[in-house]
Amino acid sequence: MTGTNATLRPHPATGQTSGVVSLDSSPANTWVPVTGAQLVLPEAGLYEVVADVQGSIGWGVGVTNAIIDAQIFDVTAGAAVPLTARRVILFTDQNATGVNGIQANASAGAQYRVTGPATLRVEGSWRTDSGTTSSRVLWAHNFRFKKISD
């Protein structure tokens with residue numbers, strides 16, 4: 001780059017983290033922050049934000065529509081990042097007996113513009129239409145951002 005006002009950043013702004021949360025003590029249909037899965041976008045610009053998540057549910061009796069969802073939430077703006085809500089698990093096992101479990105993965109990502117520094121986090125929620133579930137857990141194995149434009 002040439003010129004007297006040229007600014008060169010050697011690398012784009014990036015960051016990543018991970019975390020986990022048990023959803024067992026949270027009420028159904030309530031977004032819960034994933035402990036440790038929080039990042040700060042350092043400056044105004046357009047970012048690619050991605051959360052690779054894994055959910056797990058255990059159950060012992062018949063279940064209809066056991067669900068774990070995930071989303072990326074902008075704490076600074078007080079709103080979900082558009083296009084990042086994902087259904088991680090949806091299953092029905094009405095004939096279940098004994099102890100059962102399931103795990104599934106999802107990836108949520110979007111291009112997201114901020115006007116200044118912004119704190120983002122991964123959140124999880126659960127719901128069961130009928131039956132009993134336990135051991136509801138959501139991991140954010142890789143929550144990351146990369147600045148792609150000013």
# chains A, B, ... in the order shown; residues from 1 in each chain; ligands from 1
>>> residues_around(residues="Leu138 (chain A)", least_positions_apart="3", cutoff="10 Å", atoms="only C-alpha atoms", output="list in words")
Gly19, Val20, Val21, Ser22, Leu23, Val32, Pro33, Val34, Thr35, Val53, Gln54, Gly55, Ser56, Ile57, Ile68, Asp69, Ala70, Val88, Gln103, Ala104, Asn105, Val122, Glu123, Gly124, Ser125, Trp126, Ser135 and His141 of chain A
>>> residues_around(residues="Thr128 (chain A)", least_positions_apart="3", cutoff="8 Å", atoms="only C-alpha atoms", output="list in words")
Ala28, Val63, Thr64, Asn65, Ala66, Ile67, Gly131, Thr132 and Thr133 of chain A
>>> write_last_selection(atoms="C-alpha atoms", output="mmCIF file, in the first residue's frame")
data_model
loop_
_atom_site.group_PDB
_atom_site.id
_atom_site.type_symbol
_atom_site.label_atom_id
_atom_site.label_comp_id
_atom_site.auth_asym_id
_atom_site.auth_seq_id
_atom_site.Cartn_x
_atom_site.Cartn_y
_atom_site.Cartn_z
ATOM 1 C CA ALA A 28 -38.152 -25.019 28.784
ATOM 2 C CA VAL A 63 -40.856 -38.805 24.475
ATOM 3 C CA THR A 64 -42.496 -36.670 21.801
ATOM 4 C CA ASN A 65 -40.520 -33.857 20.145
ATOM 5 C CA ALA A 66 -37.504 -33.491 22.401
ATOM 6 C CA ILE A 67 -35.635 -30.448 21.083
ATOM 7 C CA GLY A 131 -42.435 -37.395 28.149
ATOM 8 C CA THR A 132 -39.445 -36.977 30.434
ATOM 9 C CA THR A 133 -35.915 -35.999 29.407
#
>>> residues_around(residues="Leu83 (chain A)", least_positions_apart="6", cutoff="10 Å", atoms="only C-alpha atoms", output="list in words")
Gln71, Ile72, Ala108, Gly109, Ala110, Gln111 and Tyr112 of chain A
>>> write_last_selection(atoms="all heavy atoms", output="PDB file, in the first residue's frame")
ATOM      1  N   GLN A  71     -28.389 -20.615  19.181  1.00  0.00           N
ATOM      2  CA  GLN A  71     -28.336 -19.373  18.416  1.00  0.00           C
ATOM      3  C   GLN A  71     -27.129 -18.561  18.866  1.00  0.00           C
ATOM      4  O   GLN A  71     -26.582 -18.786  19.943  1.00  0.00           O
ATOM      5  CB  GLN A  71     -29.604 -18.543  18.592  1.00  0.00           C
ATOM      6  CG  GLN A  71     -29.749 -17.900  19.963  1.00  0.00           C
ATOM      7  CD  GLN A  71     -30.988 -17.010  20.074  1.00  0.00           C
ATOM      8  OE1 GLN A  71     -31.802 -16.922  19.165  1.00  0.00           O
ATOM      9  NE2 GLN A  71     -31.128 -16.338  21.205  1.00  0.00           N
ATOM     10  N   ILE A  72     -26.728 -17.626  18.017  1.00  0.00           N
ATOM     11  CA  ILE A  72     -25.726 -16.629  18.394  1.00  0.00           C
ATOM     12  C   ILE A  72     -26.491 -15.369  18.770  1.00  0.00           C
ATOM     13  O   ILE A  72     -27.383 -14.928  18.041  1.00  0.00           O
ATOM     14  CB  ILE A  72     -24.730 -16.366  17.251  1.00  0.00           C
ATOM     15  CG1 ILE A  72     -24.007 -17.666  16.863  1.00  0.00           C
ATOM     16  CG2 ILE A  72     -23.724 -15.286  17.663  1.00  0.00           C
ATOM     17  CD1 ILE A  72     -23.105 -17.541  15.643  1.00  0.00           C
ATOM     18  N   ALA A 108     -23.947 -22.968  13.001  1.00  0.00           N
ATOM     19  CA  ALA A 108     -24.693 -21.733  12.745  1.00  0.00           C
ATOM     20  C   ALA A 108     -23.699 -20.663  12.341  1.00  0.00           C
ATOM     21  O   ALA A 108     -22.683 -20.472  13.004  1.00  0.00           O
ATOM     22  CB  ALA A 108     -25.453 -21.295  13.991  1.00  0.00           C
ATOM     23  N   GLY A 109     -23.978 -19.978  11.260  1.00  0.00           N
ATOM     24  CA  GLY A 109     -23.067 -18.932  10.827  1.00  0.00           C
ATOM     25  C   GLY A 109     -23.777 -17.870  10.026  1.00  0.00           C
ATOM     26  O   GLY A 109     -24.830 -18.109   9.438  1.00  0.00           O
ATOM     27  N   ALA A 110     -23.200 -16.679  10.009  1.00  0.00           N
ATOM     28  CA  ALA A 110     -23.767 -15.571   9.248  1.00  0.00           C
ATOM     29  C   ALA A 110     -22.711 -14.496   9.072  1.00  0.00           C
ATOM     30  O   ALA A 110     -21.723 -14.442   9.801  1.00  0.00           O
ATOM     31  CB  ALA A 110     -24.976 -14.985   9.973  1.00  0.00           C
ATOM     32  N   GLN A 111     -22.943 -13.629   8.105  1.00  0.00           N
ATOM     33  CA  GLN A 111     -22.184 -12.395   8.013  1.00  0.00           C
ATOM     34  C   GLN A 111     -22.941 -11.368   8.832  1.00  0.00           C
ATOM     35  O   GLN A 111     -24.160 -11.250   8.718  1.00  0.00           O
ATOM     36  CB  GLN A 111     -22.040 -11.945   6.564  1.00  0.00           C
ATOM     37  CG  GLN A 111     -21.168 -12.870   5.757  1.00  0.00           C
ATOM     38  CD  GLN A 111     -20.935 -12.376   4.346  1.00  0.00           C
ATOM     39  OE1 GLN A 111     -21.450 -11.350   3.929  1.00  0.00           O
ATOM     40  NE2 GLN A 111     -20.143 -13.125   3.597  1.00  0.00           N
ATOM     41  N   TYR A 112     -22.209 -10.645   9.689  1.00  0.00           N
ATOM     42  CA  TYR A 112     -22.861  -9.765  10.670  1.00  0.00           C
ATOM     43  C   TYR A 112     -22.091  -8.461  10.762  1.00  0.00           C
ATOM     44  O   TYR A 112     -20.893  -8.454  11.016  1.00  0.00           O
ATOM     45  CB  TYR A 112     -22.898 -10.484  12.025  1.00  0.00           C
ATOM     46  CG  TYR A 112     -23.706  -9.775  13.074  1.00  0.00           C
ATOM     47  CD1 TYR A 112     -25.058  -9.499  12.879  1.00  0.00           C
ATOM     48  CD2 TYR A 112     -23.127  -9.394  14.265  1.00  0.00           C
ATOM     49  CE1 TYR A 112     -25.805  -8.860  13.850  1.00  0.00           C
ATOM     50  CE2 TYR A 112     -23.861  -8.763  15.254  1.00  0.00           C
ATOM     51  CZ  TYR A 112     -25.207  -8.493  15.042  1.00  0.00           C
ATOM     52  OH  TYR A 112     -25.941  -7.858  16.011  1.00  0.00           O
TER      53      TYR A 112
END
>>> select_by_dssp(residues="region 16-147 of chain A", states="strand (DSSP E or B)", output="compact mmCIF listing (two decimals) with N, CA and C atoms, in the first residue's frame")
# COMPACT_ATOMS: atom_id res chain seq x y z
N GLN A 16 -11.56 -16.93 18.72
CA GLN A 16 -12.35 -18.14 18.89
C GLN A 16 -12.32 -18.58 20.34
N THR A 17 -13.34 -19.34 20.71
CA THR A 17 -13.47 -19.87 22.06
C THR A 17 -14.37 -21.09 22.02
N SER A 18 -14.66 -21.65 23.18
CA SER A 18 -15.57 -22.79 23.28
C SER A 18 -16.23 -22.75 24.65
N GLY A 19 -17.22 -23.60 24.86
CA GLY A 19 -17.90 -23.64 26.16
C GLY A 19 -18.95 -24.73 26.19
N VAL A 20 -19.59 -24.88 27.37
CA VAL A 20 -20.61 -25.89 27.57
C VAL A 20 -21.60 -25.40 28.62
N VAL A 21 -22.85 -25.83 28.50
CA VAL A 21 -23.84 -25.52 29.52
C VAL A 21 -24.80 -26.69 29.67
N SER A 22 -25.14 -27.01 30.91
CA SER A 22 -26.22 -27.96 31.19
C SER A 22 -27.53 -27.18 31.17
N VAL A 32 -30.39 -19.86 27.26
CA VAL A 32 -29.39 -19.90 28.33
C VAL A 32 -28.01 -19.71 27.70
N PRO A 33 -27.19 -18.76 28.23
CA PRO A 33 -25.83 -18.59 27.70
C PRO A 33 -24.98 -19.83 27.91
N VAL A 34 -24.19 -20.18 26.90
CA VAL A 34 -23.24 -21.28 27.01
C VAL A 34 -22.00 -20.75 27.71
N THR A 35 -21.70 -21.27 28.89
CA THR A 35 -20.58 -20.80 29.70
C THR A 35 -19.28 -20.88 28.90
N GLY A 36 -18.59 -19.76 28.80
CA GLY A 36 -17.31 -19.71 28.10
C GLY A 36 -17.41 -19.36 26.63
N ALA A 37 -18.59 -19.48 26.03
CA ALA A 37 -18.75 -19.24 24.59
C ALA A 37 -19.19 -17.80 24.34
N GLN A 38 -18.28 -16.87 24.63
CA GLN A 38 -18.52 -15.44 24.44
C GLN A 38 -17.29 -14.81 23.80
N LEU A 39 -17.53 -13.96 22.80
CA LEU A 39 -16.45 -13.29 22.08
C LEU A 39 -16.76 -11.81 21.93
N VAL A 40 -15.72 -10.99 21.79
CA VAL A 40 -15.90 -9.56 21.54
C VAL A 40 -15.38 -9.24 20.14
N LEU A 41 -16.29 -8.76 19.28
CA LEU A 41 -15.87 -8.23 17.99
C LEU A 41 -15.23 -6.88 18.29
N GLY A 45 -17.42 -3.09 11.61
CA GLY A 45 -17.12 -3.80 10.38
C GLY A 45 -18.05 -4.96 10.13
N LEU A 46 -17.75 -5.68 9.06
CA LEU A 46 -18.52 -6.86 8.68
C LEU A 46 -17.70 -8.09 9.08
N TYR A 47 -18.33 -8.99 9.82
CA TYR A 47 -17.68 -10.18 10.34
C TYR A 47 -18.38 -11.44 9.86
N GLU A 48 -17.62 -12.50 9.74
CA GLU A 48 -18.19 -13.83 9.61
C GLU A 48 -18.15 -14.43 11.00
N VAL A 49 -19.32 -14.82 11.52
CA VAL A 49 -19.41 -15.45 12.84
C VAL A 49 -19.96 -16.85 12.66
N VAL A 50 -19.35 -17.83 13.36
CA VAL A 50 -19.73 -19.23 13.21
C VAL A 50 -19.68 -19.90 14.58
N ALA A 51 -20.70 -20.71 14.87
CA ALA A 51 -20.71 -21.53 16.08
C ALA A 51 -20.97 -22.98 15.69
N ASP A 52 -20.00 -23.85 15.94
CA ASP A 52 -20.18 -25.29 15.77
C ASP A 52 -20.62 -25.84 17.12
N VAL A 53 -21.82 -26.41 17.17
CA VAL A 53 -22.40 -26.83 18.45
C VAL A 53 -22.77 -28.31 18.42
N GLN A 54 -22.88 -28.88 19.63
CA GLN A 54 -23.32 -30.26 19.80
C GLN A 54 -24.29 -30.29 20.96
N GLY A 55 -25.41 -30.98 20.78
CA GLY A 55 -26.39 -31.13 21.84
C GLY A 55 -26.51 -32.58 22.24
N SER A 56 -26.98 -32.80 23.47
CA SER A 56 -27.16 -34.15 23.99
C SER A 56 -28.40 -34.17 24.88
N ILE A 57 -29.19 -35.23 24.73
CA ILE A 57 -30.39 -35.42 25.57
C ILE A 57 -30.44 -36.87 26.00
N GLY A 58 -30.78 -37.10 27.26
CA GLY A 58 -31.04 -38.44 27.76
C GLY A 58 -32.52 -38.56 28.11
N TRP A 59 -33.06 -39.78 28.05
CA TRP A 59 -34.46 -39.98 28.41
C TRP A 59 -34.67 -41.43 28.84
N VAL A 63 -41.08 -40.23 24.70
CA VAL A 63 -40.86 -38.80 24.48
C VAL A 63 -41.42 -38.41 23.11
N THR A 64 -42.05 -37.25 23.07
CA THR A 64 -42.50 -36.67 21.80
C THR A 64 -41.83 -35.32 21.63
N ASN A 65 -41.16 -35.12 20.51
CA ASN A 65 -40.52 -33.86 20.15
C ASN A 65 -39.62 -33.30 21.24
N ALA A 66 -38.55 -34.00 21.52
CA ALA A 66 -37.50 -33.49 22.40
C ALA A 66 -36.56 -32.65 21.53
N ILE A 67 -36.32 -31.42 21.94
CA ILE A 67 -35.63 -30.45 21.08
C ILE A 67 -34.54 -29.72 21.86
N ILE A 68 -33.40 -29.51 21.21
CA ILE A 68 -32.39 -28.55 21.67
C ILE A 68 -32.10 -27.62 20.50
N ASP A 69 -32.16 -26.32 20.77
CA ASP A 69 -31.86 -25.29 19.78
C ASP A 69 -30.65 -24.50 20.23
N ALA A 70 -30.00 -23.84 19.28
CA ALA A 70 -28.86 -22.95 19.56
C ALA A 70 -29.00 -21.70 18.71
N GLN A 71 -28.39 -20.61 19.18
CA GLN A 71 -28.34 -19.37 18.42
C GLN A 71 -27.13 -18.56 18.87
N ILE A 72 -26.73 -17.63 18.02
CA ILE A 72 -25.73 -16.63 18.39
C ILE A 72 -26.49 -15.37 18.77
N PHE A 73 -26.14 -14.79 19.91
CA PHE A 73 -26.84 -13.64 20.46
C PHE A 73 -25.88 -12.47 20.62
N ASP A 74 -26.29 -11.29 20.16
CA ASP A 74 -25.51 -10.06 20.32
C ASP A 74 -25.90 -9.42 21.64
N ALA A 79 -30.09 -8.60 20.96
CA ALA A 79 -30.89 -9.31 19.97
C ALA A 79 -30.10 -10.49 19.38
N ALA A 80 -30.85 -11.48 18.91
CA ALA A 80 -30.21 -12.61 18.23
C ALA A 80 -29.58 -12.14 16.93
N ARG A 86 -30.47 -22.43 15.10
CA ARG A 86 -30.37 -23.79 14.56
C ARG A 86 -31.06 -24.79 15.47
N ARG A 87 -31.74 -25.75 14.87
CA ARG A 87 -32.27 -26.90 15.60
C ARG A 87 -31.14 -27.92 15.65
N VAL A 88 -30.65 -28.22 16.83
CA VAL A 88 -29.54 -29.15 16.99
C VAL A 88 -30.06 -30.58 17.08
N ILE A 89 -31.13 -30.77 17.87
CA ILE A 89 -31.73 -32.10 18.04
C ILE A 89 -33.25 -31.96 17.97
N LEU A 90 -33.89 -32.89 17.28
CA LEU A 90 -35.35 -33.07 17.31
C LEU A 90 -35.59 -34.56 17.16
N PHE A 91 -36.21 -35.18 18.16
CA PHE A 91 -36.49 -36.61 18.04
C PHE A 91 -37.74 -36.96 18.83
N THR A 92 -38.33 -38.10 18.47
CA THR A 92 -39.48 -38.68 19.16
C THR A 92 -39.19 -40.16 19.38
N ASP A 93 -39.45 -40.62 20.61
CA ASP A 93 -39.29 -42.04 20.93
C ASP A 93 -40.36 -42.42 21.93
N ASN A 100 -31.78 -44.02 27.68
CA ASN A 100 -31.47 -43.76 26.28
C ASN A 100 -30.76 -42.41 26.16
N GLY A 101 -30.09 -42.19 25.05
CA GLY A 101 -29.43 -40.91 24.82
C GLY A 101 -29.17 -40.68 23.35
N ILE A 102 -29.06 -39.42 23.00
CA ILE A 102 -28.77 -39.03 21.62
C ILE A 102 -27.91 -37.79 21.63
N GLN A 103 -27.02 -37.68 20.66
CA GLN A 103 -26.22 -36.48 20.45
C GLN A 103 -26.33 -36.10 18.98
N ALA A 104 -26.25 -34.81 18.71
CA ALA A 104 -26.28 -34.33 17.33
C ALA A 104 -25.50 -33.03 17.24
N ASN A 105 -25.06 -32.71 16.02
CA ASN A 105 -24.26 -31.52 15.77
C ASN A 105 -24.97 -30.57 14.81
N ALA A 106 -24.61 -29.30 14.91
CA ALA A 106 -25.11 -28.29 13.98
C ALA A 106 -24.07 -27.18 13.89
N SER A 107 -24.17 -26.41 12.84
CA SER A 107 -23.29 -25.26 12.66
C SER A 107 -24.16 -24.07 12.30
N ALA A 108 -23.95 -22.97 13.00
CA ALA A 108 -24.69 -21.73 12.75
C ALA A 108 -23.70 -20.66 12.34
N GLY A 109 -23.98 -19.98 11.26
CA GLY A 109 -23.07 -18.93 10.83
C GLY A 109 -23.78 -17.87 10.03
N ALA A 110 -23.20 -16.68 10.01
CA ALA A 110 -23.77 -15.57 9.25
C ALA A 110 -22.71 -14.50 9.07
N GLN A 111 -22.94 -13.63 8.11
CA GLN A 111 -22.18 -12.39 8.01
C GLN A 111 -22.94 -11.37 8.83
N TYR A 112 -22.21 -10.64 9.69
CA TYR A 112 -22.86 -9.77 10.67
C TYR A 112 -22.09 -8.46 10.76
N ARG A 113 -22.80 -7.36 10.56
CA ARG A 113 -22.18 -6.03 10.61
C ARG A 113 -22.45 -5.38 11.96
N VAL A 114 -21.38 -4.82 12.55
CA VAL A 114 -21.51 -4.06 13.80
C VAL A 114 -20.94 -2.66 13.59
N ALA A 118 -18.62 -5.21 19.86
CA ALA A 118 -19.85 -5.92 20.22
C ALA A 118 -19.51 -7.26 20.86
N THR A 119 -20.24 -7.62 21.89
CA THR A 119 -20.08 -8.89 22.57
C THR A 119 -21.12 -9.87 22.05
N LEU A 120 -20.65 -11.02 21.57
CA LEU A 120 -21.54 -12.08 21.08
C LEU A 120 -21.37 -13.31 21.96
N ARG A 121 -22.44 -14.10 22.07
CA ARG A 121 -22.36 -15.36 22.81
C ARG A 121 -23.24 -16.40 22.13
N VAL A 122 -22.97 -17.67 22.44
CA VAL A 122 -23.82 -18.78 22.00
C VAL A 122 -24.82 -19.06 23.12
N GLU A 123 -26.06 -19.32 22.72
CA GLU A 123 -27.11 -19.65 23.68
C GLU A 123 -27.80 -20.95 23.27
N GLY A 124 -28.35 -21.65 24.27
CA GLY A 124 -29.09 -22.87 24.01
C GLY A 124 -30.44 -22.85 24.69
N SER A 125 -31.36 -23.64 24.15
CA SER A 125 -32.70 -23.75 24.69
C SER A 125 -33.18 -25.18 24.47
N TRP A 126 -34.12 -25.64 25.29
CA TRP A 126 -34.65 -27.00 25.14
C TRP A 126 -36.17 -26.98 25.28
N ARG A 127 -36.80 -28.05 24.82
CA ARG A 127 -38.24 -28.21 24.97
C ARG A 127 -38.57 -29.68 24.73
N THR A 128 -39.57 -30.18 25.42
CA THR A 128 -40.10 -31.52 25.18
C THR A 128 -41.62 -31.39 25.17
N ASP A 129 -42.26 -31.85 24.10
CA ASP A 129 -43.72 -31.75 24.02
C ASP A 129 -44.40 -32.71 24.98
N SER A 130 -43.87 -33.92 25.15
CA SER A 130 -44.39 -34.86 26.14
C SER A 130 -43.29 -35.85 26.49
N THR A 133 -37.30 -35.99 29.86
CA THR A 133 -35.91 -36.00 29.41
C THR A 133 -35.01 -35.57 30.55
N SER A 134 -33.73 -35.84 30.40
CA SER A 134 -32.73 -35.45 31.38
C SER A 134 -31.41 -35.25 30.65
N SER A 135 -30.41 -34.83 31.38
CA SER A 135 -29.07 -34.67 30.81
C SER A 135 -29.08 -33.86 29.52
N ARG A 136 -29.74 -32.71 29.54
CA ARG A 136 -29.80 -31.83 28.38
C ARG A 136 -28.57 -30.91 28.43
N VAL A 137 -27.68 -31.05 27.43
CA VAL A 137 -26.41 -30.32 27.42
C VAL A 137 -26.19 -29.72 26.04
N LEU A 138 -25.59 -28.53 26.00
CA LEU A 138 -25.19 -27.93 24.73
C LEU A 138 -23.73 -27.49 24.85
N TRP A 139 -22.93 -27.94 23.89
CA TRP A 139 -21.53 -27.54 23.79
C TRP A 139 -21.38 -26.59 22.61
N ALA A 140 -20.57 -25.58 22.75
CA ALA A 140 -20.10 -24.78 21.62
C ALA A 140 -18.65 -25.18 21.43
N HIS A 141 -18.40 -26.14 20.54
CA HIS A 141 -17.05 -26.67 20.38
C HIS A 141 -16.09 -25.68 19.74
N ASN A 142 -16.61 -24.86 18.85
CA ASN A 142 -15.76 -23.87 18.19
C ASN A 142 -16.63 -22.67 17.82
N PHE A 143 -16.54 -21.61 18.59
CA PHE A 143 -17.26 -20.37 18.35
C PHE A 143 -16.21 -19.36 17.91
N ARG A 144 -16.37 -18.81 16.69
CA ARG A 144 -15.29 -18.01 16.14
C ARG A 144 -15.83 -16.87 15.27
N PHE A 145 -14.93 -15.88 15.06
CA PHE A 145 -15.23 -14.78 14.15
C PHE A 145 -14.01 -14.42 13.34
N LYS A 146 -14.27 -13.80 12.19
CA LYS A 146 -13.21 -13.24 11.36
C LYS A 146 -13.76 -12.00 10.69
N LYS A 147 -13.04 -10.89 10.80
CA LYS A 147 -13.46 -9.66 10.14
C LYS A 147 -13.20 -9.81 8.64
>>> atom_distance(atom1="CA of Ala85 (chain A)", atom2="CA of Gly60 (chain A)")
27.9 Å
>>> atom_distance(atom1="CA of His11 (chain A)", atom2="CA of Pro117 (chain A)")
17.8 Å
>>> atom_distance(atom1="CA of Asp24 (chain A)", atom2="CA of Ala77 (chain A)")
27.5 Å
>>> closest_residue(among="A:Gly15, A:Val81, A:Gly62, A:Thr115", to="Gly98 (chain A)", atoms="only C-alpha atoms")
A:Gly62
>>> decode(residues="region 133-148 of chain A", atoms="C-alpha atoms", output="compact mmCIF listing (two decimals), in the first residue's frame")
# COMPACT_ATOMS: atom_id res chain seq x y z
CA THR A 133 -35.91 -36.00 29.41
CA SER A 134 -32.73 -35.45 31.38
CA SER A 135 -29.07 -34.67 30.81
CA ARG A 136 -29.80 -31.83 28.38
CA VAL A 137 -26.41 -30.32 27.42
CA LEU A 138 -25.19 -27.93 24.73
CA TRP A 139 -21.53 -27.54 23.79
CA ALA A 140 -20.10 -24.78 21.62
CA HIS A 141 -17.05 -26.67 20.38
CA ASN A 142 -15.76 -23.87 18.19
CA PHE A 143 -17.26 -20.37 18.35
CA ARG A 144 -15.29 -18.01 16.14
CA PHE A 145 -15.23 -14.78 14.15
CA LYS A 146 -13.21 -13.24 11.36
CA LYS A 147 -13.46 -9.66 10.14
CA ILE A 148 -14.06 -9.67 6.39
